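Coordinates as given in structure_35.txt (compact mmCIF, N, CA and C atoms and all ligand atoms):
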# COMPACT_ATOMS: atom_id res chain seq x y z
N MET A 944 1.73 29.96 69.91
CA MET A 944 3.03 30.19 69.28
C MET A 944 2.86 31.01 68.01
N ARG A 945 3.61 32.11 67.90
CA ARG A 945 3.48 33.01 66.76
C ARG A 945 4.16 32.41 65.51
N CYS A 946 3.49 32.56 64.38
CA CYS A 946 4.06 32.09 63.12
C CYS A 946 5.28 32.94 62.76
N PRO A 947 6.44 32.31 62.49
CA PRO A 947 7.65 33.09 62.16
C PRO A 947 7.58 33.74 60.77
N PHE A 948 6.63 33.34 59.98
CA PHE A 948 6.54 33.86 58.61
C PHE A 948 5.60 35.06 58.49
N CYS A 949 4.43 34.98 59.11
CA CYS A 949 3.47 36.07 58.94
C CYS A 949 3.08 36.73 60.26
N GLY A 950 3.50 36.17 61.39
CA GLY A 950 3.21 36.79 62.67
C GLY A 950 1.87 36.41 63.28
N ASN A 951 1.12 35.60 62.58
CA ASN A 951 -0.16 35.13 63.10
C ASN A 951 0.05 34.35 64.41
N THR A 952 -0.74 34.65 65.43
CA THR A 952 -0.55 33.98 66.72
C THR A 952 -1.41 32.72 66.86
N ASP A 953 -2.28 32.50 65.91
CA ASP A 953 -3.20 31.37 66.03
C ASP A 953 -2.70 30.19 65.18
N THR A 954 -1.60 29.56 65.63
CA THR A 954 -1.06 28.42 64.89
C THR A 954 -1.49 27.12 65.55
N GLN A 955 -1.45 26.05 64.78
CA GLN A 955 -1.93 24.76 65.27
C GLN A 955 -0.79 23.77 65.43
N VAL A 956 -0.89 22.94 66.47
CA VAL A 956 0.08 21.86 66.66
C VAL A 956 -0.42 20.64 65.91
N LYS A 957 0.41 20.15 65.00
CA LYS A 957 0.02 19.00 64.19
C LYS A 957 0.52 17.69 64.78
N ASP A 958 1.66 17.77 65.47
CA ASP A 958 2.30 16.56 65.94
C ASP A 958 3.24 16.90 67.10
N SER A 959 3.18 16.14 68.18
CA SER A 959 4.10 16.32 69.31
C SER A 959 4.84 15.02 69.55
N ARG A 960 6.13 15.14 69.68
CA ARG A 960 6.92 13.93 69.87
C ARG A 960 8.06 14.18 70.83
N PRO A 961 8.11 13.43 71.94
CA PRO A 961 9.24 13.62 72.86
C PRO A 961 10.50 12.98 72.31
N SER A 962 11.65 13.52 72.68
CA SER A 962 12.92 12.90 72.30
C SER A 962 13.12 11.64 73.14
N ASP A 963 14.16 10.89 72.85
CA ASP A 963 14.40 9.62 73.55
C ASP A 963 14.48 9.78 75.05
N ASP A 964 15.12 10.85 75.49
CA ASP A 964 15.27 11.03 76.94
C ASP A 964 14.10 11.81 77.55
N GLN A 965 13.10 12.10 76.76
CA GLN A 965 11.88 12.76 77.23
C GLN A 965 12.12 14.18 77.73
N LEU A 966 13.28 14.73 77.43
CA LEU A 966 13.58 16.06 77.95
C LEU A 966 13.28 17.16 76.94
N VAL A 967 13.09 16.76 75.71
CA VAL A 967 12.77 17.74 74.68
C VAL A 967 11.51 17.27 73.94
N ILE A 968 10.59 18.18 73.75
CA ILE A 968 9.39 17.86 72.97
C ILE A 968 9.49 18.61 71.64
N ARG A 969 9.35 17.86 70.56
CA ARG A 969 9.40 18.44 69.23
C ARG A 969 7.96 18.58 68.75
N ARG A 970 7.59 19.78 68.32
CA ARG A 970 6.22 19.99 67.84
C ARG A 970 6.23 20.50 66.40
N ARG A 971 5.48 19.84 65.58
CA ARG A 971 5.26 20.30 64.22
C ARG A 971 4.07 21.24 64.28
N ARG A 972 4.25 22.46 63.78
CA ARG A 972 3.16 23.43 63.83
C ARG A 972 2.77 23.88 62.43
N PHE A 973 1.55 24.33 62.34
CA PHE A 973 0.99 24.74 61.07
C PHE A 973 0.29 26.08 61.24
N CYS A 974 0.55 27.00 60.30
CA CYS A 974 -0.12 28.30 60.35
C CYS A 974 -1.20 28.33 59.26
N PRO A 975 -2.46 28.38 59.66
CA PRO A 975 -3.53 28.39 58.66
C PRO A 975 -3.60 29.71 57.88
N GLU A 976 -2.99 30.75 58.45
CA GLU A 976 -3.03 32.07 57.82
C GLU A 976 -2.20 32.11 56.52
N CYS A 977 -0.96 31.64 56.59
CA CYS A 977 -0.07 31.69 55.42
C CYS A 977 0.30 30.29 54.93
N VAL A 978 -0.35 29.27 55.51
CA VAL A 978 -0.14 27.86 55.12
C VAL A 978 1.34 27.47 55.21
N SER A 979 2.02 27.92 56.27
CA SER A 979 3.42 27.54 56.49
C SER A 979 3.49 26.47 57.56
N ARG A 980 4.55 25.71 57.51
CA ARG A 980 4.80 24.72 58.55
C ARG A 980 6.14 25.04 59.21
N PHE A 981 6.22 24.86 60.52
CA PHE A 981 7.48 25.03 61.23
C PHE A 981 7.52 24.12 62.44
N THR A 982 8.72 23.99 63.00
CA THR A 982 8.92 23.06 64.12
C THR A 982 9.41 23.82 65.33
N THR A 983 8.89 23.49 66.49
CA THR A 983 9.41 24.10 67.72
C THR A 983 9.92 22.99 68.64
N TYR A 984 10.89 23.35 69.46
CA TYR A 984 11.44 22.43 70.44
C TYR A 984 11.21 23.01 71.83
N GLU A 985 10.55 22.21 72.63
CA GLU A 985 10.24 22.66 73.98
C GLU A 985 11.16 21.91 74.93
N ARG A 986 11.97 22.65 75.66
CA ARG A 986 12.87 21.97 76.59
C ARG A 986 12.77 22.56 77.98
N ILE A 987 13.17 21.76 78.94
CA ILE A 987 13.11 22.20 80.33
C ILE A 987 14.16 23.28 80.57
N GLN A 988 13.75 24.33 81.19
CA GLN A 988 14.68 25.40 81.52
C GLN A 988 15.26 25.12 82.91
N LEU A 989 16.42 24.47 82.90
CA LEU A 989 16.99 24.02 84.17
C LEU A 989 17.34 25.17 85.10
N SER A 990 17.67 26.31 84.53
CA SER A 990 18.08 27.42 85.39
C SER A 990 16.91 27.94 86.25
N ASP A 991 15.69 27.54 85.89
CA ASP A 991 14.54 27.94 86.69
C ASP A 991 14.41 27.10 87.97
N LEU A 992 15.11 25.99 87.99
CA LEU A 992 15.03 25.13 89.16
C LEU A 992 16.00 25.63 90.23
N ILE A 993 15.51 25.67 91.44
CA ILE A 993 16.32 26.16 92.55
C ILE A 993 16.53 25.02 93.54
N VAL A 994 17.76 24.88 93.96
CA VAL A 994 18.08 23.88 94.98
C VAL A 994 18.26 24.60 96.32
N ILE A 995 17.54 24.11 97.33
CA ILE A 995 17.68 24.71 98.66
C ILE A 995 18.64 23.84 99.47
N LYS A 996 19.72 24.43 99.89
CA LYS A 996 20.73 23.69 100.63
C LYS A 996 20.35 23.59 102.11
N LYS A 997 21.08 22.71 102.81
CA LYS A 997 20.80 22.47 104.23
C LYS A 997 20.81 23.76 105.04
N ASN A 998 21.74 24.65 104.71
CA ASN A 998 21.85 25.89 105.48
C ASN A 998 20.86 26.96 105.01
N GLY A 999 19.96 26.59 104.10
CA GLY A 999 18.92 27.52 103.67
C GLY A 999 19.26 28.32 102.42
N ASP A 1000 20.52 28.20 101.98
CA ASP A 1000 20.91 28.91 100.75
C ASP A 1000 20.13 28.37 99.55
N ARG A 1001 19.79 29.27 98.66
CA ARG A 1001 19.14 28.85 97.43
C ARG A 1001 20.10 29.03 96.27
N ILE A 1002 20.33 27.95 95.56
CA ILE A 1002 21.22 28.03 94.41
C ILE A 1002 20.52 27.47 93.18
N PRO A 1003 20.82 28.03 92.01
CA PRO A 1003 20.20 27.50 90.80
C PRO A 1003 20.65 26.07 90.53
N PHE A 1004 19.76 25.25 90.06
CA PHE A 1004 20.10 23.88 89.73
C PHE A 1004 21.17 23.85 88.65
N ASP A 1005 22.19 23.05 88.91
CA ASP A 1005 23.33 22.97 87.99
C ASP A 1005 23.57 21.50 87.65
N ARG A 1006 23.27 21.16 86.41
CA ARG A 1006 23.37 19.78 85.99
C ARG A 1006 24.79 19.24 86.12
N ASP A 1007 25.77 20.07 85.78
CA ASP A 1007 27.17 19.63 85.87
C ASP A 1007 27.57 19.33 87.31
N LYS A 1008 27.08 20.20 88.21
CA LYS A 1008 27.39 20.02 89.62
C LYS A 1008 26.77 18.71 90.14
N LEU A 1009 25.55 18.47 89.70
CA LEU A 1009 24.87 17.24 90.08
C LEU A 1009 25.63 16.03 89.57
N SER A 1010 26.09 16.13 88.33
CA SER A 1010 26.85 15.05 87.73
C SER A 1010 28.11 14.75 88.54
N LYS A 1011 28.79 15.83 88.97
CA LYS A 1011 30.01 15.67 89.77
C LYS A 1011 29.68 15.05 91.13
N SER A 1012 28.57 15.50 91.74
CA SER A 1012 28.17 14.97 93.05
C SER A 1012 27.89 13.48 92.95
N ILE A 1013 27.22 13.09 91.90
CA ILE A 1013 26.87 11.68 91.73
C ILE A 1013 28.15 10.86 91.52
N THR A 1014 29.03 11.38 90.71
CA THR A 1014 30.29 10.68 90.46
C THR A 1014 31.06 10.51 91.77
N THR A 1015 31.09 11.55 92.59
CA THR A 1015 31.77 11.48 93.88
C THR A 1015 31.07 10.49 94.80
N ALA A 1016 29.73 10.58 94.84
CA ALA A 1016 28.96 9.74 95.75
C ALA A 1016 29.05 8.27 95.39
N THR A 1017 29.33 7.97 94.15
CA THR A 1017 29.32 6.57 93.72
C THR A 1017 30.71 6.05 93.38
N ARG A 1018 31.72 6.82 93.73
CA ARG A 1018 33.09 6.47 93.35
C ARG A 1018 33.48 5.08 93.84
N LYS A 1019 33.02 4.74 95.04
CA LYS A 1019 33.41 3.46 95.62
C LYS A 1019 32.54 2.29 95.16
N LYS A 1020 31.48 2.62 94.46
CA LYS A 1020 30.61 1.54 93.99
C LYS A 1020 31.11 1.01 92.65
N ARG A 1021 30.79 -0.23 92.42
CA ARG A 1021 31.16 -0.83 91.14
C ARG A 1021 30.01 -0.67 90.14
N ASN A 1022 30.32 -0.93 88.92
CA ASN A 1022 29.30 -0.95 87.86
C ASN A 1022 28.53 0.34 87.72
N VAL A 1023 29.17 1.44 88.01
CA VAL A 1023 28.52 2.73 87.78
C VAL A 1023 29.28 3.42 86.64
N ASP A 1024 28.69 3.37 85.47
CA ASP A 1024 29.36 4.02 84.35
C ASP A 1024 28.67 5.35 84.03
N SER A 1025 29.26 6.10 83.14
CA SER A 1025 28.75 7.43 82.86
C SER A 1025 27.34 7.39 82.26
N GLU A 1026 27.05 6.28 81.56
CA GLU A 1026 25.71 6.15 80.98
C GLU A 1026 24.66 6.06 82.08
N LYS A 1027 25.01 5.31 83.13
CA LYS A 1027 24.09 5.15 84.24
C LYS A 1027 23.92 6.49 84.98
N VAL A 1028 25.03 7.20 85.12
CA VAL A 1028 24.97 8.51 85.77
C VAL A 1028 24.03 9.43 84.99
N GLU A 1029 24.15 9.41 83.67
CA GLU A 1029 23.28 10.21 82.82
C GLU A 1029 21.80 9.88 83.05
N LYS A 1030 21.53 8.58 83.12
CA LYS A 1030 20.16 8.13 83.33
C LYS A 1030 19.62 8.64 84.66
N VAL A 1031 20.48 8.56 85.69
CA VAL A 1031 20.05 9.01 87.01
C VAL A 1031 19.78 10.52 86.98
N ILE A 1032 20.64 11.25 86.30
CA ILE A 1032 20.44 12.70 86.22
C ILE A 1032 19.11 13.01 85.55
N ASN A 1033 18.83 12.31 84.46
CA ASN A 1033 17.55 12.51 83.80
C ASN A 1033 16.38 12.20 84.74
N GLY A 1034 16.57 11.15 85.54
CA GLY A 1034 15.55 10.79 86.52
C GLY A 1034 15.39 11.87 87.57
N VAL A 1035 16.50 12.43 88.01
CA VAL A 1035 16.47 13.50 89.01
C VAL A 1035 15.73 14.71 88.44
N VAL A 1036 16.04 15.05 87.20
CA VAL A 1036 15.39 16.20 86.57
C VAL A 1036 13.88 15.97 86.51
N ARG A 1037 13.50 14.75 86.18
CA ARG A 1037 12.08 14.43 86.11
C ARG A 1037 11.41 14.56 87.49
N ARG A 1038 12.13 14.07 88.50
CA ARG A 1038 11.59 14.18 89.86
C ARG A 1038 11.43 15.65 90.26
N LEU A 1039 12.42 16.43 89.91
CA LEU A 1039 12.37 17.85 90.24
C LEU A 1039 11.17 18.51 89.57
N GLU A 1040 10.94 18.13 88.32
CA GLU A 1040 9.79 18.67 87.60
C GLU A 1040 8.49 18.32 88.29
N MET A 1041 8.42 17.07 88.76
CA MET A 1041 7.19 16.61 89.39
C MET A 1041 6.95 17.30 90.72
N LEU A 1042 8.05 17.57 91.42
CA LEU A 1042 7.93 18.20 92.73
C LEU A 1042 7.46 19.66 92.62
N ARG A 1043 7.79 20.28 91.50
CA ARG A 1043 7.50 21.69 91.30
C ARG A 1043 8.30 22.57 92.25
N GLN A 1044 8.35 22.19 93.51
CA GLN A 1044 9.17 22.94 94.47
C GLN A 1044 10.29 22.01 94.92
N PRO A 1045 11.37 22.01 94.18
CA PRO A 1045 12.44 21.05 94.45
C PRO A 1045 12.98 21.15 95.88
N ARG A 1046 13.16 20.02 96.49
CA ARG A 1046 13.77 19.98 97.82
C ARG A 1046 15.28 19.89 97.63
N ASP A 1047 15.95 19.90 98.71
CA ASP A 1047 17.40 19.77 98.60
C ASP A 1047 17.79 18.34 98.27
N LEU A 1048 18.90 18.23 97.63
CA LEU A 1048 19.38 16.92 97.22
C LEU A 1048 20.55 16.53 98.10
N PHE A 1049 20.39 15.44 98.80
CA PHE A 1049 21.47 14.95 99.64
C PHE A 1049 22.15 13.77 98.96
N LYS A 1050 23.41 13.62 99.24
CA LYS A 1050 24.16 12.49 98.70
C LYS A 1050 23.47 11.16 98.98
N LYS A 1051 22.99 11.04 100.21
CA LYS A 1051 22.34 9.79 100.62
C LYS A 1051 21.19 9.44 99.68
N LYS A 1052 20.36 10.44 99.41
CA LYS A 1052 19.23 10.24 98.51
C LYS A 1052 19.70 9.79 97.14
N LEU A 1053 20.72 10.45 96.68
CA LEU A 1053 21.24 10.14 95.35
C LEU A 1053 21.74 8.70 95.29
N GLU A 1054 22.42 8.29 96.34
CA GLU A 1054 22.97 6.94 96.36
C GLU A 1054 21.85 5.90 96.32
N LYS A 1055 20.74 6.22 96.98
CA LYS A 1055 19.61 5.29 96.99
C LYS A 1055 19.04 5.04 95.60
N TRP A 1056 19.18 6.03 94.73
CA TRP A 1056 18.56 5.92 93.42
C TRP A 1056 19.31 5.00 92.48
N PHE A 1057 20.49 4.56 92.92
CA PHE A 1057 21.22 3.60 92.07
C PHE A 1057 20.79 2.17 92.38
ZN ZN B 1101 1.82 32.31 59.09

Step by step, read the file and then write its structure as structure tokens.
Amino acid sequence: MRCPFCGNTDTQVKDSRPSDDQLVIRRRRFCPECVSRFTTYERIQLSDLIVIKKNGDRIPFDRDKLSKSITTATRKKRNVDSEKVEKVINGVVRRLEMLRQPRDLFKKKLEKWF
């Protein structure tokens, strides 16, 4: 990571800390060249994730769309609040990351995760 103050590319990571939902990593960095400190945030680039649909279409992963699908899929179930939906979405994102090559997401699969 290049130092924003002097342009030195050889900066050091002093501390890494994930956010509560583990989706953002905060890193404290130090530049030995100009003795500056700065912070970077590393987050998942969701638009890089591709969902392959049943008919073979490839569409970019859309968190809002997933949220709507889950809400629709669980409409008839009780005790499903928005907080739980959020948790499931975070879980889905994590699974997608682990898969590296995301498979298609079916309603049935989503329902099982509750
Ligand atoms: Zn520097």

For a test of reading the model, state the distance in Å between CA of Lys1019 (chain A) and CA of Gly999 (chain A), rounded to one decimal.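 That distance, rounded to one decimal, is 29.2 Å.
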
Residues within 5 Å of Phe1004 (chain A), please, as a PyMOL selection string. Count all atoms listed in the file; anything in the same chain fewer than 5 positions from it doesn't count. chain A and resi 992-994

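Using all atoms listed in the file, the smallest distance between any of A:Ala1016, A:Ile1032, A:Leu1009, A:Val978 and ligand ZN 1101 (chain B) comes from A:Val978.
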
What do you get as JSON, numbers by chain if you pick all residues at most 6 Å from ligand ZN 1101 (chain B), counting only N, CA and C atoms and all ligand atoms? {"A": [946, 947, 948, 949, 950, 951, 974, 975, 976, 977, 978, 979]}

Between atom N of Glu1029 (chain A) and CA of Asp963 (chain A), measure the distance and give it in Å to one decimal.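 Computing the Euclidean distance for atom N of Glu1029 (chain A) and CA of Asp963 (chain A) yields 14.1 Å.
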
Would you return as a list in words the members of region 964-1037 of chain A that DSSP assigns to strand (DSSP E) on this structure's backbone?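 Put together, the selection reads Val967, Ile968, Arg969, Arg970, Arg971, Arg972, Phe973, Cys974, Ser979, Arg980, Phe981, Thr982, Thr983, Tyr984, Glu985, Arg986, Ile993, Val994, Ile995, Arg1001, Ile1002 and Pro1003 of chain A.
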
So how far away is CA of Lys996 (chain A) from CA of Val1036 (chain A), in Å?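 Those two atoms sit 16.8 Å apart.
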
Out of A:Ile1002, A:Ile968, A:Ile1013, A:Val1031, which residue has the shortest atom-to-atom distance to Arg986 (chain A) when counting all atoms listed in the file?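 Of all the options, A:Ile968 lies closest to Arg986 (chain A).
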
Residues within 6 Å of Arg960 (chain A), please, as a list in words. Count all atoms listed in the file; anything in the same chain fewer than 4 positions from it doesn't count.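 Those residues are Val967, Ile968, Arg969 and Arg970 of chain A.
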
Let me see the file: selected residues, N, CA and C atoms, as a short mmCIF file (atom, residue, chain, number, x, y, z; two decimals), in the frame of the given file.
data_model
loop_
_atom_site.label_atom_id
_atom_site.label_comp_id
_atom_site.auth_asym_id
_atom_site.auth_seq_id
_atom_site.Cartn_x
_atom_site.Cartn_y
_atom_site.Cartn_z
N VAL A 967 13.09 16.76 75.71
CA VAL A 967 12.77 17.74 74.68
C VAL A 967 11.51 17.27 73.94
N ILE A 968 10.59 18.18 73.75
CA ILE A 968 9.39 17.86 72.97
C ILE A 968 9.49 18.61 71.64
N ARG A 969 9.35 17.86 70.56
CA ARG A 969 9.40 18.44 69.23
C ARG A 969 7.96 18.58 68.75
N ARG A 970 7.59 19.78 68.32
CA ARG A 970 6.22 19.99 67.84
C ARG A 970 6.23 20.50 66.40
#

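Here the question is which of A:Lys1008, A:Met944, A:Arg972, A:Gly1034 gets nearest to Val956 (chain A) using all atoms listed in the file, and that residue is A:Arg972.
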
If you run DSSP over the backbone, which residues in region 991-1042 of chain A end up alpha helix (DSSP H)? Put them as a list of chain:residue names. A:Arg1006, A:Asp1007, A:Lys1008, A:Leu1009, A:Ser1010, A:Lys1011, A:Ser1012, A:Ile1013, A:Thr1014, A:Thr1015, A:Ala1016, A:Ser1025, A:Glu1026, A:Lys1027, A:Val1028, A:Glu1029, A:Lys1030, A:Val1031, A:Ile1032, A:Asn1033, A:Gly1034, A:Val1035, A:Val1036, A:Arg1037, A:Arg1038, A:Leu1039, A:Glu1040, A:Met1041, A:Leu1042
